[in-house]
Amino acid sequence: MAIFRSIKELTRALQQGSKLLGNMFLQRKTVGVKYDDALDTLDGDENKLKYLITYGVVVQMGDSLELDDAYQRFFEEVLAVNEDINISSVKMYIDKLNLSISSYLEAENNSRREGFLRDIRHTFKNIDNATQRNVIDLKRNVDDTYKQEPNFKIKELRLKDFDEKARVIGELIHQTERVMDEQTIFFSSVSDYGLKQTISEVREGLRESAHGLIAVSAQIIDYLNRIEYQSRLVKRVRQLKYLRDQFMIEQATNVKELMAQTNVVWMERQPKYTTRVSLDFLRNEDIALGILDNIRQRLTKKASIKSRLAEKIDKAYLEEQTENTMAFNHQELLNGFLAQSSDLFHYLWNYSFTETLDKESRLVLFLQMASQYPDQMLYTDEIQTIDNIAYPIIYPQ
């Protein structure tokens, strides 16, 4: 099999077969594309098709064509639609980090040290990107498996596999954070701003991935518990169905008594089923007269209700109106009361307000002032009367 020698050569081949590759990618989960159909997609240019087959972009299996696994994984990862969780070995990542750090410490040439620093930065970024992508893919695959897989056993097996992959991702996060903590002196001593920025970004990314992984693990446990409950329920239903089919359900269980005690839909409305009456029935049967009379009464009732609708609101009720209310400045009245020697009742009774005030309003104002400022007034036991009104004598404090 031929291989591409440059990026330019690869991108040109992908561009020439983009229409075919797009169709094959959409059908990657179903069946392979027939050779003749692929040729029609490329407008009959067989040289383009043979070129893709020769360089391994497309794999020919008999009369069918499929995308090569490497290109399919590449497209899925770039488009973030991959279903397989790509979990590399935790030991491989950690060993590569430790090797790059040790090589940097042993290197004497500055140019080689720069290369090792670049390897360290790339390894950290690869771990961060792989972890974040795996957490996102894991969450999507968990939801899709639970909601779309019809077989309970397969659903349970796949969810348990996802749970193990979540454990491996968590172990990678833990080991990476451990390396950063143990090599704190090394990272702080290296005068490379890019490495320090990478370490900070990776720490934040791993923290977010760890939080997301906790949520995914909790979701997996919840789904597994639901599957176990549903499996037990299905098993019991199947047992009851077997007993019913064998006419043994009444002798083996008390299902009738339990069903008689159960009334879980008592709040639902009584279902009503309407049946259309034929024209022949309405024309030839006497009982149809009652139906027609009932319809006539309903139509008449609707018309009468419509005729009794209220008229428009009079515009006079929609006009703005103002209402004036009197407000008293109690603090100003108190200051005037404290500056004189008369009792509170006589002070308010004879006070000259800007508006005309009746006796009842002055009496209410007296009660308000007497109860509002108890610390600034002297209450006596003396009672006097005016216009059949008994009031206590209250002096300024």
# chains A, B, ... in the order shown; residues from 1 in each chain; ligands from 1
call {"tool": "residues_around", "arguments": {"residues": "region 147-159 of chain A", "least_positions_apart": "3", "cutoff": "7 Å", "atoms": "only C-alpha atoms", "output": "ChimeraX atom specification"}}
result
/A:142-144,162-163,220,224,227
call {"tool": "atom_distance", "arguments": {"atom1": "CA of Leu26 (chain A)", "atom2": "CA of Arg73 (chain A)"}}
result
13.2 Å
call {"tool": "select_by_dssp", "arguments": {"residues": "region 276-383 of chain A", "states": "strand (DSSP E)", "output": "ChimeraX atom specification"}}
result
/A:377-383
